[in-house]
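model29.txt follows (compact mmCIF, N, CA and C atoms):
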```
# COMPACT_ATOMS: atom_id res chain seq x y z
N MET A 803 155.12 115.91 177.99
CA MET A 803 154.36 114.70 177.95
C MET A 803 153.04 114.85 178.72
N ILE A 804 153.08 115.60 179.80
CA ILE A 804 151.89 115.76 180.63
C ILE A 804 150.82 116.54 179.87
N SER A 805 151.21 117.64 179.24
CA SER A 805 150.23 118.43 178.51
C SER A 805 149.74 117.70 177.25
N THR A 806 150.60 116.89 176.63
CA THR A 806 150.19 116.13 175.46
C THR A 806 149.11 115.12 175.84
N ILE A 807 149.30 114.41 176.94
CA ILE A 807 148.29 113.46 177.41
C ILE A 807 146.99 114.19 177.71
N TYR A 808 147.10 115.32 178.38
CA TYR A 808 145.91 116.08 178.76
C TYR A 808 145.12 116.51 177.53
N TYR A 809 145.78 117.07 176.53
CA TYR A 809 145.06 117.60 175.37
C TYR A 809 144.52 116.51 174.45
N VAL A 810 145.24 115.42 174.31
CA VAL A 810 144.74 114.32 173.48
C VAL A 810 143.51 113.70 174.11
N VAL A 811 143.55 113.49 175.41
CA VAL A 811 142.41 112.89 176.10
C VAL A 811 141.26 113.90 176.18
N ASP A 812 141.56 115.18 176.22
CA ASP A 812 140.54 116.21 176.21
C ASP A 812 139.71 116.12 174.94
N MET A 813 140.36 115.94 173.81
CA MET A 813 139.64 115.78 172.54
C MET A 813 138.85 114.48 172.51
N LEU A 814 139.41 113.43 173.06
CA LEU A 814 138.71 112.15 173.12
C LEU A 814 137.46 112.27 174.00
N GLY A 815 137.57 112.99 175.11
CA GLY A 815 136.42 113.20 175.98
C GLY A 815 135.31 113.99 175.32
N ALA A 816 135.68 114.95 174.48
CA ALA A 816 134.66 115.73 173.77
C ALA A 816 133.86 114.85 172.82
N LEU A 817 134.51 113.91 172.18
CA LEU A 817 133.81 113.03 171.24
C LEU A 817 132.93 112.02 171.96
N THR A 818 133.46 111.38 172.97
CA THR A 818 132.67 110.36 173.66
C THR A 818 131.61 110.97 174.58
N GLY A 819 131.86 112.18 175.08
CA GLY A 819 130.88 112.83 175.94
C GLY A 819 129.59 113.14 175.21
N GLY A 820 129.69 113.52 173.94
CA GLY A 820 128.49 113.78 173.15
C GLY A 820 127.66 112.53 172.95
N THR A 821 128.32 111.42 172.74
CA THR A 821 127.62 110.15 172.57
C THR A 821 126.92 109.74 173.85
N PHE A 822 127.62 109.85 174.97
CA PHE A 822 127.00 109.52 176.26
C PHE A 822 125.84 110.47 176.57
N ALA A 823 125.99 111.73 176.22
CA ALA A 823 124.93 112.71 176.49
C ALA A 823 123.69 112.41 175.65
N ASP A 824 123.88 111.97 174.42
CA ASP A 824 122.73 111.60 173.60
C ASP A 824 122.00 110.38 174.15
N ASN A 825 122.76 109.45 174.70
CA ASN A 825 122.14 108.22 175.21
C ASN A 825 121.55 108.37 176.61
N TYR A 826 122.21 109.11 177.48
CA TYR A 826 121.80 109.16 178.89
C TYR A 826 121.30 110.51 179.35
N GLY A 827 121.31 111.51 178.51
CA GLY A 827 120.81 112.83 178.86
C GLY A 827 121.95 113.79 179.18
N ARG A 828 121.82 115.00 178.67
CA ARG A 828 122.88 116.00 178.85
C ARG A 828 123.06 116.38 180.31
N LYS A 829 121.95 116.59 181.00
CA LYS A 829 122.03 117.06 182.37
C LYS A 829 122.69 116.02 183.28
N ASN A 830 122.32 114.76 183.11
CA ASN A 830 122.91 113.71 183.95
C ASN A 830 124.41 113.58 183.74
N ILE A 831 124.83 113.57 182.51
CA ILE A 831 126.25 113.44 182.21
C ILE A 831 127.01 114.68 182.67
N PHE A 832 126.43 115.85 182.49
CA PHE A 832 127.10 117.08 182.91
C PHE A 832 127.30 117.13 184.42
N ILE A 833 126.27 116.81 185.17
CA ILE A 833 126.38 116.83 186.63
C ILE A 833 127.37 115.79 187.12
N ASN A 834 127.31 114.59 186.56
CA ASN A 834 128.24 113.53 186.99
C ASN A 834 129.69 113.86 186.67
N THR A 835 129.92 114.43 185.50
CA THR A 835 131.31 114.77 185.17
C THR A 835 131.81 115.96 185.99
N CYS A 836 130.92 116.88 186.35
CA CYS A 836 131.33 117.96 187.25
C CYS A 836 131.73 117.41 188.61
N LEU A 837 130.95 116.47 189.13
CA LEU A 837 131.29 115.84 190.40
C LEU A 837 132.59 115.06 190.32
N LEU A 838 132.78 114.33 189.23
CA LEU A 838 134.01 113.55 189.08
C LEU A 838 135.22 114.45 188.88
N THR A 839 135.04 115.60 188.23
CA THR A 839 136.15 116.53 188.08
C THR A 839 136.56 117.11 189.44
N GLY A 840 135.58 117.44 190.26
CA GLY A 840 135.89 117.89 191.61
C GLY A 840 136.57 116.82 192.44
N PHE A 841 136.12 115.58 192.27
CA PHE A 841 136.76 114.45 192.96
C PHE A 841 138.20 114.27 192.51
N MET A 842 138.46 114.44 191.22
CA MET A 842 139.84 114.32 190.73
C MET A 842 140.70 115.46 191.27
N GLY A 843 140.11 116.63 191.48
CA GLY A 843 140.85 117.72 192.10
C GLY A 843 141.23 117.39 193.54
N LEU A 844 140.34 116.72 194.26
CA LEU A 844 140.68 116.29 195.62
C LEU A 844 141.73 115.19 195.63
N ILE A 845 141.64 114.29 194.68
CA ILE A 845 142.61 113.19 194.60
C ILE A 845 144.00 113.72 194.24
N SER A 846 144.05 114.85 193.54
CA SER A 846 145.35 115.38 193.14
C SER A 846 146.23 115.73 194.34
N PHE A 847 145.63 115.89 195.50
CA PHE A 847 146.44 116.12 196.70
C PHE A 847 147.14 114.86 197.17
N LEU A 848 146.69 113.71 196.72
CA LEU A 848 147.25 112.43 197.16
C LEU A 848 148.31 111.87 196.21
N ILE A 849 148.75 112.65 195.25
CA ILE A 849 149.70 112.17 194.26
C ILE A 849 151.04 111.87 194.93
N TYR A 850 151.50 110.64 194.76
CA TYR A 850 152.73 110.22 195.40
C TYR A 850 153.79 109.74 194.42
N ASN A 851 153.44 109.50 193.18
CA ASN A 851 154.46 109.18 192.18
C ASN A 851 154.01 109.67 190.80
N TYR A 852 154.90 109.55 189.84
CA TYR A 852 154.69 110.11 188.51
C TYR A 852 153.61 109.36 187.74
N ILE A 853 153.51 108.06 187.88
CA ILE A 853 152.51 107.27 187.16
C ILE A 853 151.10 107.64 187.64
N PHE A 854 150.95 107.79 188.94
CA PHE A 854 149.66 108.20 189.49
C PHE A 854 149.31 109.62 189.02
N PHE A 855 150.29 110.48 188.93
CA PHE A 855 150.08 111.83 188.43
C PHE A 855 149.60 111.81 186.99
N LEU A 856 150.19 110.97 186.14
CA LEU A 856 149.75 110.86 184.74
C LEU A 856 148.33 110.31 184.65
N PHE A 857 148.01 109.36 185.51
CA PHE A 857 146.67 108.78 185.52
C PHE A 857 145.63 109.82 185.92
N VAL A 858 145.94 110.63 186.94
CA VAL A 858 145.02 111.68 187.38
C VAL A 858 144.84 112.72 186.28
N ARG A 859 145.91 113.11 185.61
CA ARG A 859 145.80 114.08 184.51
C ARG A 859 145.02 113.49 183.33
N PHE A 860 145.17 112.20 183.10
CA PHE A 860 144.41 111.51 182.06
C PHE A 860 142.92 111.62 182.33
N LEU A 861 142.49 111.27 183.54
CA LEU A 861 141.08 111.34 183.88
C LEU A 861 140.58 112.78 183.94
N PHE A 862 141.40 113.68 184.46
CA PHE A 862 141.01 115.08 184.55
C PHE A 862 140.79 115.66 183.15
N GLY A 863 141.68 115.36 182.22
CA GLY A 863 141.52 115.83 180.85
C GLY A 863 140.29 115.26 180.18
N PHE A 864 140.00 113.99 180.45
CA PHE A 864 138.82 113.37 179.87
C PHE A 864 137.54 114.03 180.38
N PHE A 865 137.46 114.27 181.68
CA PHE A 865 136.26 114.87 182.25
C PHE A 865 136.09 116.32 181.80
N ILE A 866 137.17 117.06 181.70
CA ILE A 866 137.07 118.43 181.19
C ILE A 866 136.65 118.42 179.73
N GLY A 867 137.13 117.44 178.96
CA GLY A 867 136.71 117.31 177.57
C GLY A 867 135.23 117.01 177.42
N VAL A 868 134.66 116.33 178.39
CA VAL A 868 133.22 116.06 178.35
C VAL A 868 132.43 117.30 178.76
N ILE A 869 132.92 118.02 179.75
CA ILE A 869 132.18 119.18 180.27
C ILE A 869 132.12 120.32 179.26
N SER A 870 133.18 120.58 178.54
CA SER A 870 133.24 121.75 177.66
C SER A 870 132.14 121.78 176.59
N PRO A 871 131.99 120.76 175.76
CA PRO A 871 130.92 120.85 174.76
C PRO A 871 129.52 120.72 175.36
N LEU A 872 129.41 119.98 176.47
CA LEU A 872 128.08 119.85 177.08
C LEU A 872 127.59 121.17 177.65
N SER A 873 128.48 121.96 178.20
CA SER A 873 128.05 123.25 178.74
C SER A 873 127.54 124.16 177.62
N VAL A 874 128.20 124.13 176.49
CA VAL A 874 127.75 124.95 175.35
C VAL A 874 126.40 124.45 174.84
N SER A 875 126.23 123.14 174.74
CA SER A 875 124.96 122.61 174.23
C SER A 875 123.81 122.85 175.20
N ILE A 876 124.08 122.78 176.50
CA ILE A 876 123.02 123.06 177.48
C ILE A 876 122.60 124.52 177.42
N ILE A 877 123.57 125.42 177.28
CA ILE A 877 123.24 126.85 177.21
C ILE A 877 122.47 127.17 175.95
N THR A 878 122.88 126.63 174.80
CA THR A 878 122.17 126.92 173.55
C THR A 878 120.80 126.26 173.52
N GLU A 879 120.62 125.16 174.23
CA GLU A 879 119.31 124.53 174.28
C GLU A 879 118.33 125.34 175.14
N ASN A 880 118.82 125.90 176.22
CA ASN A 880 117.94 126.64 177.13
C ASN A 880 117.74 128.09 176.75
N PHE A 881 118.71 128.67 176.03
CA PHE A 881 118.62 130.07 175.61
C PHE A 881 118.85 130.16 174.10
N PRO A 882 117.83 129.83 173.31
CA PRO A 882 118.02 129.88 171.85
C PRO A 882 118.14 131.31 171.35
N THR A 883 118.88 131.44 170.29
CA THR A 883 119.02 132.77 169.67
C THR A 883 118.14 132.82 168.43
N ASP A 884 117.26 133.77 168.41
CA ASP A 884 116.38 133.95 167.26
C ASP A 884 116.85 135.18 166.51
N LEU A 885 117.67 134.96 165.51
CA LEU A 885 118.19 136.09 164.73
C LEU A 885 117.37 136.35 163.51
```
For this file, produce the structure as C-alpha cells.
Amino acid sequence: MISTIYYVVDMLGALTGGTFADNYGRKNIFINTCLLTGFMGLISFLIYNYIFFLFVRFLFGFFIGVISPLSVSIITENFPTDL
C-alpha cells in the first residue's frame, strides 16, 4: 500500500508540476520542491504512527514527481542538442 500511494502520487505530481512550472517558472518551482523534499526528509524522523507515515510518503512522492520532469526540462533548456 505504501509503494502504491507513492507511485500514484508520483505520476500525479509529474502532471501538475508541469502546469505549475508553466505558470510560475521552472526554476522557482524546482527550487521550492527541492526545499520541500528536504523538509519532508527531516519530518520523516518525527513519524509516530502509520497515518502520519502515509501522509509523509504522499507528500514525498508528490514532490519527487514534480522534481523529476522539471530537472530534465531545465537541463534540455540550458544545454540544447543540435544534431
inquiry  = When you look at A:Ile804 with a cut-off of 8 Å (counting only N, CA and C atoms), what residues show up, excluding the ones that are within fewer than 4 positions of it in the same chain? I need them as a ChimeraX atom specification.
reply    = /A:808-810,855-856,859-860
request  = Give the answer as one residue: which of A:Glu879, A:Tyr826, A:Leu861, A:Phe854 has the shortest atom-to-atom distance to A:Leu838, using all atoms listed in the file?
outcome  = A:Leu861
ask   = Nearest to A:Ala816: which of A:Ser875, A:Phe881, A:Ser870, A:Leu848 is it, counting only C-alpha atoms?
value =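 Nearest candidate to A:Ala816 out of A:Ser875, A:Phe881, A:Ser870, A:Leu848: A:Ser870.
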d(atom CA of A:Phe864, atom CA of A:Thr878) in Å =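 Atom CA of A:Phe864 sits 22.4 Å away from atom CA of A:Thr878.
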ask   = So, counting all atoms listed in the file, which residue among A:Gly843, A:Gly827, A:Pro882, A:Gly815 is closest to A:Ile866?
value =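 Of the candidates, the smallest distance to A:Ile866 is held by A:Gly815.
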message = Going by DSSP on the backbone, which residues of chain A come out as alpha helix (DSSP H)? List them as number ranges by chain.
response = A: 804-826, 828-845, 852-880
ask   = Quick one: of A:Leu817, A:Ile853, A:Val868, A:Val858, who's nearest to A:Ile831, counting only C-alpha atoms?
value = A:Val868
Nearest residue to A:Pro871 from the set A:Val811, A:Ser805, A:Phe847, A:Gly820 (distances using only N, CA and C atoms) =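 Going through A:Val811, A:Ser805, A:Phe847, A:Gly820 one by one, the smallest distance to A:Pro871 is for A:Gly820.
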Box in all listed atoms of stretch 863-872 of chain A, axis-aligned, with 4 Å more on each side; write out centre and edge lengths in Å to one decimal as lines of an AutoDock Vina configuration file.
```
center_x = 134.6
center_y = 117.6
center_z = 178.5
size_x = 22.1
size_y = 16.4
size_z = 15.5
```
ask   = Closest to A:Thr839 among A:Ile876, A:Met813, A:Phe865, A:Met803, using all atoms listed in the file?
value =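 Comparing A:Ile876, A:Met813, A:Phe865, A:Met803 against A:Thr839, the winner is A:Phe865.
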ask   = What is the atom N of A:Leu814 to atom CA of A:Gly863 distance in Å?
value =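 Distance reported for this atom pair: 8.4 Å.
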